[in-house]
>>> print(open('data-v1.csv').read())   # CSV, C-alpha atoms
chain,number,residue,atom,x,y,z
A,1,MET,CA,11.2,11.1,-11.7
A,2,SER,CA,10.8,7.4,-12.4
A,3,ASP,CA,9.0,6.3,-15.6
A,4,ARG,CA,6.8,4.1,-13.4
A,5,LEU,CA,5.5,7.1,-11.4
A,6,ILE,CA,4.9,9.1,-14.5
A,7,GLN,CA,3.0,6.2,-16.1
A,8,GLN,CA,0.8,5.8,-13.0
A,9,LEU,CA,0.0,9.5,-13.0
A,10,GLN,CA,-0.8,9.5,-16.7
A,11,LYS,CA,-3.3,6.7,-16.1
A,12,ILE,CA,-5.3,9.1,-13.9
A,13,ASP,CA,-5.2,12.1,-16.2
A,14,THR,CA,-2.9,13.9,-18.6
A,15,PHE,CA,-0.5,15.9,-16.3
A,16,SER,CA,1.6,18.6,-17.9
A,17,ASP,CA,5.4,18.6,-17.7
A,18,GLU,CA,5.0,21.7,-15.4
A,19,GLU,CA,2.6,19.8,-13.0
A,20,ILE,CA,5.0,16.8,-12.9
A,21,ASP,CA,7.9,19.1,-12.3
A,22,ILE,CA,6.1,20.6,-9.3
A,23,LEU,CA,5.5,17.1,-7.8
A,24,GLN,CA,9.2,16.2,-8.6
A,25,GLY,CA,10.3,19.2,-6.5
A,26,TYR,CA,8.3,17.9,-3.5
A,27,LEU,CA,9.4,14.3,-3.6
A,28,VAL,CA,12.2,13.0,-1.4
A,29,ASP,CA,14.0,9.7,-2.1
A,30,LYS,CA,14.1,7.3,0.8
A,31,PHE,CA,15.5,3.8,1.4
A,32,ILE,CA,13.8,1.5,3.8
A,33,ARG,CA,15.7,-1.6,4.9
A,34,LYS,CA,13.9,-5.0,5.1
A,35,GLY,CA,12.2,-5.1,8.5
A,36,ASP,CA,12.3,-1.3,9.1
A,37,HIS,CA,9.1,0.7,9.3
A,38,PHE,CA,7.7,3.5,7.1
A,39,LEU,CA,5.1,4.1,9.8
A,40,HIS,CA,4.9,2.7,13.3
A,41,LEU,CA,1.6,1.9,15.2
A,42,GLY,CA,0.5,5.0,17.1
A,43,GLN,CA,2.4,7.4,14.9
A,44,VAL,CA,0.6,10.2,13.0
A,45,SER,CA,1.1,9.7,9.3
A,46,ARG,CA,2.6,12.9,7.9
A,47,HIS,CA,3.8,11.4,4.5
A,48,ILE,CA,2.6,9.2,1.7
A,49,ALA,CA,5.1,7.5,-0.7
A,50,PHE,CA,5.3,6.0,-4.1
A,51,ILE,CA,7.2,2.7,-4.2
A,52,ASP,CA,9.9,2.6,-6.9
A,53,THR,CA,11.2,-0.9,-5.8
A,54,GLY,CA,10.5,-3.2,-3.0
A,55,LEU,CA,7.6,-4.5,-0.9
A,56,MET,CA,5.8,-3.1,2.1
A,57,MET,CA,3.2,-4.7,4.4
A,58,HIS,CA,0.4,-2.8,6.2
A,59,TYR,CA,-0.5,-4.5,9.4
A,60,SER,CA,-2.2,-4.2,12.8
A,61,ILE,CA,-1.4,-6.3,15.9
A,62,HIS,CA,-4.0,-8.7,17.4
A,63,ASP,CA,-3.1,-10.8,20.4
A,64,GLY,CA,0.6,-10.0,19.8
A,65,ILE,CA,0.5,-11.2,16.2
A,66,GLU,CA,1.0,-9.1,13.1
A,67,ILE,CA,-2.1,-9.3,10.9
A,68,PRO,CA,-1.6,-7.9,7.4
A,69,CYS,CA,-4.4,-5.8,5.9
A,70,ASN,CA,-2.6,-4.9,2.7
A,71,PHE,CA,0.6,-5.2,0.7
A,72,SER,CA,2.2,-2.5,-1.4
A,73,LEU,CA,4.8,-3.0,-4.1
A,74,GLU,CA,6.4,-1.4,-7.0
A,75,GLY,CA,4.1,1.2,-8.6
A,76,ASP,CA,1.9,1.6,-5.6
A,77,TRP,CA,1.3,4.6,-3.3
A,78,MET,CA,1.2,3.8,0.4
A,79,GLY,CA,0.4,5.5,3.6
A,80,SER,CA,-2.2,5.4,6.4
A,81,LEU,CA,-5.1,7.3,4.8
A,82,LYS,CA,-7.1,7.6,8.1
A,83,SER,CA,-4.1,8.9,10.1
A,84,PHE,CA,-2.9,11.1,7.3
A,85,THR,CA,-6.3,12.7,6.7
A,86,ALA,CA,-7.5,13.0,10.4
A,87,ASN,CA,-4.0,13.8,11.7
A,88,SER,CA,-4.5,11.1,14.3
A,89,ALA,CA,-2.5,8.1,15.6
A,90,THR,CA,-2.4,5.3,13.1
A,91,GLU,CA,-3.9,1.9,13.9
A,92,VAL,CA,-1.9,0.4,11.0
A,93,ALA,CA,1.9,0.1,10.8
A,94,ILE,CA,3.8,-0.2,7.5
A,95,LYS,CA,7.0,-2.1,7.3
A,96,ALA,CA,9.3,-3.3,4.6
A,97,LEU,CA,9.3,-7.0,3.7
A,98,GLU,CA,12.2,-6.3,1.2
A,99,ASP,CA,14.7,-3.5,0.9
A,100,THR,CA,12.5,-0.7,-0.6
A,101,ARG,CA,13.1,2.6,-2.3
A,102,VAL,CA,10.3,5.1,-2.2
A,103,ARG,CA,9.6,8.7,-3.3
A,104,GLU,CA,8.0,10.4,-0.3
A,105,ILE,CA,5.8,13.6,-0.1
A,106,SER,CA,4.8,15.4,3.1
A,107,ALA,CA,1.2,16.4,4.0
A,108,GLU,CA,2.2,20.0,3.7
A,109,HIS,CA,3.7,19.6,0.2
A,110,LEU,CA,0.7,17.5,-0.8
A,111,GLN,CA,-1.6,20.4,0.2
A,112,GLN,CA,0.5,22.8,-1.8
A,113,LEU,CA,0.3,20.4,-4.8
A,114,PHE,CA,-3.6,20.3,-4.5
A,115,LEU,CA,-3.6,24.1,-4.6
A,116,SER,CA,-1.3,24.3,-7.6
A,117,SER,CA,-3.7,22.6,-10.0
A,118,PRO,CA,-7.2,21.0,-9.8
A,119,ARG,CA,-5.8,18.0,-11.7
A,120,TRP,CA,-4.0,17.0,-8.4
A,121,LEU,CA,-7.5,16.7,-6.8
A,122,LEU,CA,-8.2,13.9,-9.4
A,123,PHE,CA,-5.0,12.2,-8.1
A,124,LYS,CA,-6.3,12.5,-4.5
A,125,ASN,CA,-9.7,11.1,-5.4
A,126,HIS,CA,-8.0,8.3,-7.3
A,127,LEU,CA,-6.0,7.3,-4.2
A,128,VAL,CA,-9.0,7.5,-1.9
A,129,GLN,CA,-11.1,5.4,-4.2
A,130,LEU,CA,-8.4,2.8,-4.5
A,131,VAL,CA,-8.0,2.5,-0.8
A,132,PHE,CA,-11.8,2.3,-0.3
A,133,PHE,CA,-12.3,-0.3,-3.0
A,134,THR,CA,-9.3,-2.4,-1.8
A,135,ILE,CA,-10.6,-2.5,1.8
A,136,THR,CA,-14.2,-3.1,0.8
A,137,GLN,CA,-13.3,-6.0,-1.5
A,138,HIS,CA,-10.9,-7.7,1.0
A,139,ASN,CA,-13.6,-7.5,3.7
A,140,ALA,CA,-16.2,-8.9,1.3
A,141,ASP,CA,-13.8,-11.8,0.4
A,142,LEU,CA,-13.2,-12.6,4.1
A,143,ALA,CA,-16.9,-12.7,4.7
A,144,MET,CA,-18.1,-14.5,1.6
A,145,LEU,CA,-15.4,-16.8,0.3
A,146,ASP,CA,-14.1,-20.0,1.9
A,147,ALA,CA,-10.3,-20.3,2.6
A,148,LYS,CA,-9.6,-22.1,-0.7
A,149,GLU,CA,-11.5,-19.5,-2.7
A,150,ARG,CA,-9.7,-16.7,-0.9
A,151,TYR,CA,-6.3,-18.2,-1.7
A,152,TYR,CA,-7.0,-18.9,-5.3
A,153,LYS,CA,-8.4,-15.3,-5.7
A,154,PHE,CA,-5.2,-14.0,-4.1
A,155,MET,CA,-3.0,-16.1,-6.5
A,156,GLN,CA,-5.0,-14.8,-9.5
A,157,GLU,CA,-5.1,-11.1,-8.4
A,158,LYS,CA,-1.6,-10.8,-6.8
A,159,PRO,CA,0.6,-13.5,-8.3
A,160,GLU,CA,3.7,-11.3,-7.8
A,161,LEU,CA,3.3,-11.6,-4.0
A,162,ILE,CA,3.1,-15.4,-3.8
A,163,ASN,CA,6.9,-15.9,-3.7
A,164,ARG,CA,7.8,-12.6,-2.1
A,165,VAL,CA,5.6,-12.6,1.0
A,166,PRO,CA,6.2,-15.2,3.7
A,167,GLN,CA,3.4,-17.8,3.8
A,168,TYR,CA,2.4,-17.0,7.4
A,169,TYR,CA,1.7,-13.4,6.4
A,170,ILE,CA,-0.4,-14.6,3.4
A,171,ALA,CA,-2.3,-17.0,5.7
A,172,ALA,CA,-3.0,-14.2,8.2
A,173,TYR,CA,-4.0,-11.8,5.4
A,174,LEU,CA,-6.5,-14.4,4.1
A,175,GLY,CA,-7.8,-15.1,7.6
A,176,ILE,CA,-6.7,-18.7,7.7
A,177,LYS,CA,-4.2,-20.8,9.7
A,178,PRO,CA,-0.8,-21.4,8.2
A,179,GLN,CA,-1.4,-25.2,8.3
A,180,SER,CA,-4.6,-24.7,6.3
A,181,LEU,CA,-2.8,-22.7,3.7
A,182,SER,CA,-0.1,-25.4,3.4
A,183,ARG,CA,-2.9,-28.0,2.9
A,184,ILE,CA,-4.6,-25.8,0.3
A,185,ARG,CA,-1.3,-25.3,-1.6
A,186,LYS,CA,-0.6,-29.1,-1.6
A,187,GLU,CA,-4.1,-29.8,-3.0
A,188,GLY,CA,-3.7,-27.2,-5.7
>>> encode(input="data-v1.csv", output="structure tokens")
Amino acid sequence: MSDRLIQQLQKIDTFSDEEIDILQGYLVDKFIRKGDHFLHLGQVSRHIAFIDTGLMMHYSIHDGIEIPCNFSLEGDWMGSLKSFTANSATEVAIKALEDTRVREISAEHLQQLFLSSPRWLLFKNHLVQLVFFTITQHNADLAMLDAKERYYKFMQEKPELINRVPQYYIAAYLGIKPQSLSRIRKEG
């Protein structure tokens, strides 16, 4: 198991070697090429994954345009929580913006993990809270901050994405036109 994954788990709680070994037994290494999908629109999400290396974009389609709603990179867990939990078709696709290596776990194995130790329920709660807080904060930013403030906040909170995510995706994520983003960047 990667050191990054173990470090992320230990931030949540002190997992024993045995608990980590159980998780290790369920994880499957996957490689996702740039442009390929981890999850397509309309699919039922049956897996979540930890990103070892790479960058993924969560997006929906509006008027034929991909609108990012989140980005996941090294050290993040990803999946469609709503689809995964409700066993329903996803409204959010997830595709690789870079070649990406993940450690994937199925819904069935995740349920077995939850039954193996109550500590894994802390892990589940952590992921659910993280998704909730991220979505809530992004929606609040879109509603309350002007375009310039949203961009500067993005730069401050996610500097590692500035040169890795195409500018038109950053503009769409921030709810502004690409031309406006170019103007804000020139003023900066």
>>> atom_distance(input="data-v1.csv", atom1="atom CA of Asp3 of chain A", atom2="atom CA of Ile105 of chain A")
17.4 Å
>>> residues_around(input="data-v1.csv", residues="segment 159-166 of chain A", least_positions_apart="2", cutoff="10 Å", atoms="only C-alpha atoms", output="ChimeraX atom specification")
/A:54-57,71-73,97-98,152-157,168-171
>>> residues_around(input="data-v1.csv", residues="Gln8 of chain A", least_positions_apart="2", cutoff="10 Å", atoms="all atoms listed in the file", output="count of residues only")
13
>>> residues_near_point(input="data-v1.csv", point="(14.8, 4.0, -0.3)", cutoff="12 Å", atoms="all atoms listed in the file", output="PyMOL selection string")
chain A and resi 28-34+36-38+49-56+96+98-104
>>> closest_residue(input="data-v1.csv", among="A:Lys158, A:Lys124, A:Lys95, A:Arg119", to="Leu81 of chain A", atoms="only C-alpha atoms")
A:Lys124
>>> atom_distance(input="data-v1.csv", atom1="atom CA of His62 of chain A", atom2="atom CA of Leu142 of chain A")
16.6 Å
>>> atom_distance(input="data-v1.csv", atom1="atom CA of Ala147 of chain A", atom2="atom CA of Lys186 of chain A")
13.8 Å
>>> residues_around(input="data-v1.csv", residues="Leu110 of chain A", least_positions_apart="4", cutoff="12 Å", atoms="all atoms listed in the file", output="PDB file with C-alpha atoms, in the frame of the given file")
ATOM      1  CA  ILE A  22       6.100  20.600  -9.300  1.00  0.00           C
ATOM      2  CA  LEU A  23       5.500  17.100  -7.800  1.00  0.00           C
ATOM      3  CA  GLN A  24       9.200  16.200  -8.600  1.00  0.00           C
ATOM      4  CA  GLY A  25      10.300  19.200  -6.500  1.00  0.00           C
ATOM      5  CA  TYR A  26       8.300  17.900  -3.500  1.00  0.00           C
ATOM      6  CA  LEU A  27       9.400  14.300  -3.600  1.00  0.00           C
ATOM      7  CA  ARG A  46       2.600  12.900   7.900  1.00  0.00           C
ATOM      8  CA  HIS A  47       3.800  11.400   4.500  1.00  0.00           C
ATOM      9  CA  ILE A  48       2.600   9.200   1.700  1.00  0.00           C
ATOM     10  CA  ALA A  49       5.100   7.500  -0.700  1.00  0.00           C
ATOM     11  CA  PHE A  84      -2.900  11.100   7.300  1.00  0.00           C
ATOM     12  CA  THR A  85      -6.300  12.700   6.700  1.00  0.00           C
ATOM     13  CA  GLU A 104       8.000  10.400  -0.300  1.00  0.00           C
ATOM     14  CA  ILE A 105       5.800  13.600  -0.100  1.00  0.00           C
ATOM     15  CA  SER A 106       4.800  15.400   3.100  1.00  0.00           C
ATOM     16  CA  PHE A 114      -3.600  20.300  -4.500  1.00  0.00           C
ATOM     17  CA  LEU A 115      -3.600  24.100  -4.600  1.00  0.00           C
ATOM     18  CA  SER A 116      -1.300  24.300  -7.600  1.00  0.00           C
ATOM     19  CA  SER A 117      -3.700  22.600 -10.000  1.00  0.00           C
ATOM     20  CA  TRP A 120      -4.000  17.000  -8.400  1.00  0.00           C
ATOM     21  CA  LEU A 121      -7.500  16.700  -6.800  1.00  0.00           C
ATOM     22  CA  PHE A 123      -5.000  12.200  -8.100  1.00  0.00           C
ATOM     23  CA  LYS A 124      -6.300  12.500  -4.500  1.00  0.00           C
TER      24      LYS A 124
END
>>> closest_residue(input="data-v1.csv", among="A:Ile61, A:Val44, A:Cys69, A:Ile20", to="Asn87 of chain A", atoms="all atoms listed in the file")
A:Val44
>>> residues_around(input="data-v1.csv", residues="Asp146 of chain A", least_positions_apart="5", cutoff="10 Å", atoms="all atoms listed in the file", output="VMD selection string")
chain A and resid 141 151 174 to 176
>>> closest_residue(input="data-v1.csv", among="A:Asn125, A:Pro68, A:Met144, A:His138", to="Gln167 of chain A", atoms="all atoms listed in the file")
A:Pro68
>>> closest_residue(input="data-v1.csv", among="A:Ala143, A:Ala107, A:Ile184, A:Ile135", to="Asn70 of chain A", atoms="all atoms listed in the file")
A:Ile135
>>> closest_residue(input="data-v1.csv", among="A:Arg185, A:Leu39, A:Thr136, A:Ala172", to="Glu149 of chain A", atoms="only C-alpha atoms")
A:Arg185
>>> build_atoms(input="data-v1.csv", residues="segment 55-87 of chain A", atoms="N, CA and C atoms", output="PDB file, in the frame of the given file")
ATOM      1  N   LEU A  55       8.853  -3.988  -1.390  1.00  0.00           N
ATOM      2  CA  LEU A  55       7.600  -4.500  -0.900  1.00  0.00           C
ATOM      3  C   LEU A  55       7.336  -4.112   0.509  1.00  0.00           C
ATOM      4  N   MET A  56       6.152  -3.591   0.772  1.00  0.00           N
ATOM      5  CA  MET A  56       5.800  -3.100   2.100  1.00  0.00           C
ATOM      6  C   MET A  56       4.507  -3.880   2.551  1.00  0.00           C
ATOM      7  N   MET A  57       4.383  -4.052   3.869  1.00  0.00           N
ATOM      8  CA  MET A  57       3.200  -4.700   4.400  1.00  0.00           C
ATOM      9  C   MET A  57       2.537  -3.721   5.406  1.00  0.00           C
ATOM     10  N   HIS A  58       1.225  -3.547   5.241  1.00  0.00           N
ATOM     11  CA  HIS A  58       0.400  -2.800   6.200  1.00  0.00           C
ATOM     12  C   HIS A  58      -0.194  -3.778   7.139  1.00  0.00           C
ATOM     13  N   TYR A  59      -0.055  -3.529   8.428  1.00  0.00           N
ATOM     14  CA  TYR A  59      -0.500  -4.500   9.400  1.00  0.00           C
ATOM     15  C   TYR A  59      -0.996  -3.873  10.683  1.00  0.00           C
ATOM     16  N   SER A  60      -1.804  -4.622  11.428  1.00  0.00           N
ATOM     17  CA  SER A  60      -2.200  -4.200  12.800  1.00  0.00           C
ATOM     18  C   SER A  60      -1.746  -5.415  13.687  1.00  0.00           C
ATOM     19  N   ILE A  61      -1.821  -5.218  14.965  1.00  0.00           N
ATOM     20  CA  ILE A  61      -1.400  -6.300  15.900  1.00  0.00           C
ATOM     21  C   ILE A  61      -2.703  -6.750  16.627  1.00  0.00           C
ATOM     22  N   HIS A  62      -2.867  -8.072  16.657  1.00  0.00           N
ATOM     23  CA  HIS A  62      -4.000  -8.700  17.400  1.00  0.00           C
ATOM     24  C   HIS A  62      -3.415  -9.850  18.195  1.00  0.00           C
ATOM     25  N   ASP A  63      -3.608  -9.812  19.495  1.00  0.00           N
ATOM     26  CA  ASP A  63      -3.100 -10.800  20.400  1.00  0.00           C
ATOM     27  C   ASP A  63      -1.561 -11.032  20.166  1.00  0.00           C
ATOM     28  N   GLY A  64      -0.853  -9.928  19.934  1.00  0.00           N
ATOM     29  CA  GLY A  64       0.600 -10.000  19.800  1.00  0.00           C
ATOM     30  C   GLY A  64       1.064 -10.479  18.402  1.00  0.00           C
ATOM     31  N   ILE A  65       0.141 -10.690  17.484  1.00  0.00           N
ATOM     32  CA  ILE A  65       0.500 -11.200  16.200  1.00  0.00           C
ATOM     33  C   ILE A  65       0.240 -10.133  15.102  1.00  0.00           C
ATOM     34  N   GLU A  66       1.192  -9.999  14.177  1.00  0.00           N
ATOM     35  CA  GLU A  66       1.000  -9.100  13.100  1.00  0.00           C
ATOM     36  C   GLU A  66       0.010  -9.636  12.077  1.00  0.00           C
ATOM     37  N   ILE A  67      -1.065  -8.879  11.841  1.00  0.00           N
ATOM     38  CA  ILE A  67      -2.100  -9.300  10.900  1.00  0.00           C
ATOM     39  C   ILE A  67      -2.078  -8.331   9.714  1.00  0.00           C
ATOM     40  N   PRO A  68      -1.607  -8.800   8.552  1.00  0.00           N
ATOM     41  CA  PRO A  68      -1.600  -7.900   7.400  1.00  0.00           C
ATOM     42  C   PRO A  68      -2.963  -7.543   6.909  1.00  0.00           C
ATOM     43  N   CYS A  69      -3.098  -6.282   6.524  1.00  0.00           N
ATOM     44  CA  CYS A  69      -4.400  -5.800   5.900  1.00  0.00           C
ATOM     45  C   CYS A  69      -4.151  -5.376   4.487  1.00  0.00           C
ATOM     46  N   ASN A  70      -2.878  -5.270   4.072  1.00  0.00           N
ATOM     47  CA  ASN A  70      -2.600  -4.900   2.700  1.00  0.00           C
ATOM     48  C   ASN A  70      -1.091  -5.082   2.424  1.00  0.00           C
ATOM     49  N   PHE A  71      -0.758  -5.186   1.166  1.00  0.00           N
ATOM     50  CA  PHE A  71       0.600  -5.200   0.700  1.00  0.00           C
ATOM     51  C   PHE A  71       0.766  -4.156  -0.376  1.00  0.00           C
ATOM     52  N   SER A  72       1.882  -3.455  -0.386  1.00  0.00           N
ATOM     53  CA  SER A  72       2.200  -2.500  -1.400  1.00  0.00           C
ATOM     54  C   SER A  72       3.500  -2.791  -2.044  1.00  0.00           C
ATOM     55  N   LEU A  73       3.555  -2.712  -3.368  1.00  0.00           N
ATOM     56  CA  LEU A  73       4.800  -3.000  -4.100  1.00  0.00           C
ATOM     57  C   LEU A  73       5.040  -2.013  -5.168  1.00  0.00           C
ATOM     58  N   GLU A  74       6.023  -2.283  -5.996  1.00  0.00           N
ATOM     59  CA  GLU A  74       6.400  -1.400  -7.000  1.00  0.00           C
ATOM     60  C   GLU A  74       5.203  -0.789  -7.775  1.00  0.00           C
ATOM     61  N   GLY A  75       5.186   0.521  -7.913  1.00  0.00           N
ATOM     62  CA  GLY A  75       4.100   1.200  -8.600  1.00  0.00           C
ATOM     63  C   GLY A  75       2.924   1.555  -7.769  1.00  0.00           C
ATOM     64  N   ASP A  76       2.964   1.233  -6.475  1.00  0.00           N
ATOM     65  CA  ASP A  76       1.900   1.600  -5.600  1.00  0.00           C
ATOM     66  C   ASP A  76       2.205   2.812  -4.741  1.00  0.00           C
ATOM     67  N   TRP A  77       1.164   3.540  -4.358  1.00  0.00           N
ATOM     68  CA  TRP A  77       1.300   4.600  -3.300  1.00  0.00           C
ATOM     69  C   TRP A  77       0.918   3.938  -2.019  1.00  0.00           C
ATOM     70  N   MET A  78       1.539   4.407  -0.943  1.00  0.00           N
ATOM     71  CA  MET A  78       1.200   3.800   0.400  1.00  0.00           C
ATOM     72  C   MET A  78       1.214   4.932   1.422  1.00  0.00           C
ATOM     73  N   GLY A  79       0.511   4.615   2.494  1.00  0.00           N
ATOM     74  CA  GLY A  79       0.400   5.500   3.600  1.00  0.00           C
ATOM     75  C   GLY A  79      -0.802   5.052   4.450  1.00  0.00           C
ATOM     76  N   SER A  80      -1.030   5.698   5.560  1.00  0.00           N
ATOM     77  CA  SER A  80      -2.200   5.400   6.400  1.00  0.00           C
ATOM     78  C   SER A  80      -3.210   6.548   6.097  1.00  0.00           C
ATOM     79  N   LEU A  81      -4.179   6.296   5.241  1.00  0.00           N
ATOM     80  CA  LEU A  81      -5.100   7.300   4.800  1.00  0.00           C
ATOM     81  C   LEU A  81      -5.867   7.932   6.000  1.00  0.00           C
ATOM     82  N   LYS A  82      -6.351   7.089   6.909  1.00  0.00           N
ATOM     83  CA  LYS A  82      -7.100   7.600   8.100  1.00  0.00           C
ATOM     84  C   LYS A  82      -6.246   8.506   8.918  1.00  0.00           C
ATOM     85  N   SER A  83      -5.059   8.071   9.258  1.00  0.00           N
ATOM     86  CA  SER A  83      -4.100   8.900  10.100  1.00  0.00           C
ATOM     87  C   SER A  83      -3.727  10.135   9.356  1.00  0.00           C
ATOM     88  N   PHE A  84      -3.401  10.008   8.089  1.00  0.00           N
ATOM     89  CA  PHE A  84      -2.900  11.100   7.300  1.00  0.00           C
ATOM     90  C   PHE A  84      -4.015  12.201   7.171  1.00  0.00           C
ATOM     91  N   THR A  85      -5.242  11.772   6.915  1.00  0.00           N
ATOM     92  CA  THR A  85      -6.300  12.700   6.700  1.00  0.00           C
ATOM     93  C   THR A  85      -6.814  13.335   8.021  1.00  0.00           C
ATOM     94  N   ALA A  86      -6.947  12.508   9.068  1.00  0.00           N
ATOM     95  CA  ALA A  86      -7.500  13.000  10.400  1.00  0.00           C
ATOM     96  C   ALA A  86      -6.391  13.529  11.280  1.00  0.00           C
ATOM     97  N   ASN A  87      -5.125  13.417  10.875  1.00  0.00           N
ATOM     98  CA  ASN A  87      -4.000  13.800  11.700  1.00  0.00           C
ATOM     99  C   ASN A  87      -4.081  13.152  13.092  1.00  0.00           C
TER     100      ASN A  87
END
